[in-house]
Amino acid sequence: MNNKKQVKGLNKEHWSKNVPGLEQGKTESPEINKDFFKNVDRYRVANEPYVVPLIKELSGSKGRVLEVGCGLGADLRNFAERGMSAVGLDLSFDNVRLTKSGFNYCGLTGSMVNSDAENLPFKDNCFDAYYSFGVLHHTPDTSKAVDEAYRVLKNGGKCTIMLYHKGYAYLYINLRFGFKRLFISEEKLISEHYDFTPLSKMFSRKDATPLFKKFKKIDFEVTTFAYGGVDVNSKLKWLHRLLGNKFLMNRLGQFLVIKAEK
Ligand SMILES: C[S@@+](CC[C@H](N)C(=O)[O-])C[C@H]1O[C@@H](n2cnc3c(N)ncnc32)[C@H](O)[C@@H]1O
């Protein structure tokens with residue numbers, strides 16, 4: 001799909017309808033209330049525990065953090081609870097609204113903006129930290145979004161960005177689709193058969209390195225859904241157990257976490 005504007009329109013619609021964590025937050029009451037957000041936040045750390053050290057590490061800088069693609073705001077609330085001045089941004093207006101009400105229900109302060117990772121509505125050098133988990137592989141120009149992260153960070157500011165990792169995709173695609181994969185483009189396979197989104201991309205360390213060339217320091221970490229995550233084919237549970245092994249996880253894990261310093 002080439003038209004960036006069209007992809008972003010589809011993305012907005014898709015992520016407003018498929019908000020990660022929404023189902024898990026549900027309570028007996030049909031209302032969205034404080035208990036709903038408490039469930040969302042509990043589920044987040046229980047099912048995706050690898051986000052916790054990432055958030056803790058960035059919170060060490062105290063100061064002002066920008067989360068791009070905050071979804072329902074579980075990680076943003078975690079930053080705010082750790083004393084960071086939290087700013088959330090999302091392409092979906094509905095998600096921004098939900099994150100705002102989550103902050104209100106939980107008695108936290110923060111600000112939320114409905115905008116685009118590729119054109120951040122902030123001046124240069126104004127954040128101590130930038131965090132984006134599972135977002136920038138869905139935007140058409142990931143490189144532009146990373147440049148924007150660099151621009152808004154202060155000198156010495158840190159960013160942590162998770163992108164889908166290519167090694168896992170190849171393994172998954174090979175196991176699931178066999179020879180059929182040879183007749184379908186990688187982007188189509190990933191978007192239409194892996195996570196069912198308008199656009200998803202995968203990155204190896206080699207693909208990601210040039211995106212971060214302006215940063216003075218860059219480190220990679222690979223992690224995976226340790227507890228069999230939401231979009232994991234249950235037939236592949238054994239694979240997830242296997243990926244607990246550090247050597248294999250580094251090569252075949254699901255998430256590529258890039259930590260960089262301006
Ligand atoms: C897979 S969800 C991840 C949400 C959250 N970070 C999490 O880990 O649960 C992707 C989120 O990124 C948002 N998003 C997608 N493209 C974006 C863009 N170009 N700019 C800002 N947000 C975007 C979507 O609206 C959605 O809320």
# chains A, B, ... in the order shown; residues from 1 in each chain; ligands from 1
>>> select_by_dssp(residues="stretch 29-250 of chain A", states="strand (DSSP E)", output="PyMOL selection string")
chain A and resi 64-68+85-90+110-114+127-133+153-164+217-223
>>> select_by_dssp(residues="stretch 76-192 of chain A", states="helix (DSSP H, G or I)", output="VMD selection string")
chain A and resid 76 to 81 93 to 105 142 to 152 166 to 183 186 to 192
>>> closest_residue(among="A:Val45, A:Leu163, A:Val52, A:Val135", to="ligand 1", atoms="only C-alpha atoms and all ligand atoms")
A:Val135
>>> residues_near_ligand(ligand="ligand 1", cutoff="7 Å", atoms="only C-alpha atoms and all ligand atoms", output="PyMOL selection string")
chain A and resi 8+11-12+15-16+19-21+68-72+89-92+95+115-118+132-136+138-139
>>> write_last_selection(atoms="C-alpha atoms", output="PDB file, in the first residue's frame")
ATOM      1  CA  LYS A   8      -2.784   6.516   8.310  1.00  0.00           C
ATOM      2  CA  ASN A  11      -4.571   2.904  10.949  1.00  0.00           C
ATOM      3  CA  LYS A  12      -6.691   5.428  12.851  1.00  0.00           C
ATOM      4  CA  TRP A  15      -6.599   1.118  16.255  1.00  0.00           C
ATOM      5  CA  SER A  16      -9.760   2.852  17.449  1.00  0.00           C
ATOM      6  CA  VAL A  19      -7.501  -1.125  21.219  1.00  0.00           C
ATOM      7  CA  PRO A  20      -4.909  -3.438  22.810  1.00  0.00           C
ATOM      8  CA  GLY A  21      -5.917  -4.243  26.397  1.00  0.00           C
ATOM      9  CA  VAL A  68       4.132   7.851  21.228  1.00  0.00           C
ATOM     10  CA  GLY A  69       1.238   5.486  20.459  1.00  0.00           C
ATOM     11  CA  CYS A  70       0.081   5.306  24.071  1.00  0.00           C
ATOM     12  CA  GLY A  71      -3.052   3.239  23.267  1.00  0.00           C
ATOM     13  CA  LEU A  72      -5.037   2.840  26.503  1.00  0.00           C
ATOM     14  CA  LEU A  89       0.355  10.940  22.002  1.00  0.00           C
ATOM     15  CA  ASP A  90      -1.726   8.742  19.721  1.00  0.00           C
ATOM     16  CA  LEU A  91      -3.024   8.848  16.162  1.00  0.00           C
ATOM     17  CA  SER A  92      -6.420   7.654  17.371  1.00  0.00           C
ATOM     18  CA  ASN A  95      -7.384   6.209  22.422  1.00  0.00           C
ATOM     19  CA  SER A 115      -1.264  13.583  16.664  1.00  0.00           C
ATOM     20  CA  ASP A 116       1.161  11.669  14.463  1.00  0.00           C
ATOM     21  CA  ALA A 117       4.542  10.126  15.333  1.00  0.00           C
ATOM     22  CA  GLU A 118       5.900  11.418  12.024  1.00  0.00           C
ATOM     23  CA  SER A 132       7.189   3.959  22.004  1.00  0.00           C
ATOM     24  CA  PHE A 133       6.223   0.294  22.274  1.00  0.00           C
ATOM     25  CA  GLY A 134       4.834  -1.572  19.291  1.00  0.00           C
ATOM     26  CA  VAL A 135       3.894   1.495  17.267  1.00  0.00           C
ATOM     27  CA  LEU A 136       6.492   2.732  14.795  1.00  0.00           C
ATOM     28  CA  HIS A 138       2.796   0.447  11.886  1.00  0.00           C
ATOM     29  CA  THR A 139       3.567   3.932  10.551  1.00  0.00           C
TER      30      THR A 139
END
>>> residues_around(residues="A:Thr209", least_positions_apart="6", cutoff="12 Å", atoms="only C-alpha atoms", output="JSON, numbers by chain")
{"A": [143, 146, 203, 215, 216, 217, 218, 219, 220, 256, 257, 258, 259, 260]}
>>> atom_distance(atom1="atom CA of A:Glu261", atom2="atom CA of A:Glu187")
29.5 Å
>>> closest_residue(among="A:Trp238, A:Phe37, A:Phe79, A:Tyr172", to="A:Leu58", atoms="only C-alpha atoms")
A:Phe79
>>> residues_around(residues="A:Ser101", least_positions_apart="3", cutoff="10 Å", atoms="only C-alpha atoms", output="ChimeraX atom specification")
/A:32-34,37,72-73,95-98,104-108
>>> write_last_selection(atoms="C-alpha atoms", output="mmCIF file, in the first residue's frame")
data_model
loop_
_atom_site.group_PDB
_atom_site.id
_atom_site.type_symbol
_atom_site.label_atom_id
_atom_site.label_comp_id
_atom_site.auth_asym_id
_atom_site.auth_seq_id
_atom_site.Cartn_x
_atom_site.Cartn_y
_atom_site.Cartn_z
ATOM 1 C CA ILE A 32 -15.430 2.478 31.685
ATOM 2 C CA ASN A 33 -14.410 3.287 35.244
ATOM 3 C CA LYS A 34 -11.476 3.201 37.641
ATOM 4 C CA PHE A 37 -8.204 0.972 34.090
ATOM 5 C CA LEU A 72 -5.037 2.840 26.503
ATOM 6 C CA GLY A 73 -2.248 4.495 28.494
ATOM 7 C CA ASN A 95 -7.384 6.209 22.422
ATOM 8 C CA VAL A 96 -6.301 9.674 23.543
ATOM 9 C CA ARG A 97 -9.717 10.205 25.114
ATOM 10 C CA LEU A 98 -9.516 6.839 26.902
ATOM 11 C CA ASN A 104 -8.498 11.145 35.715
ATOM 12 C CA TYR A 105 -9.912 7.950 37.251
ATOM 13 C CA CYS A 106 -6.516 7.011 38.683
ATOM 14 C CA GLY A 107 -5.900 10.517 40.069
ATOM 15 C CA LEU A 108 -2.811 11.094 37.938
#
>>> atom_distance(atom1="atom CA of A:Ala149", atom2="atom CA of A:Leu120")
8.3 Å
>>> atom_distance(atom1="atom CA of A:Tyr150", atom2="atom CA of A:Thr99")
24.5 Å
>>> closest_residue(among="A:Ile173, A:Tyr50, A:Gln6, A:Asn245", to="A:Ser185", atoms="only C-alpha atoms")
A:Ile173
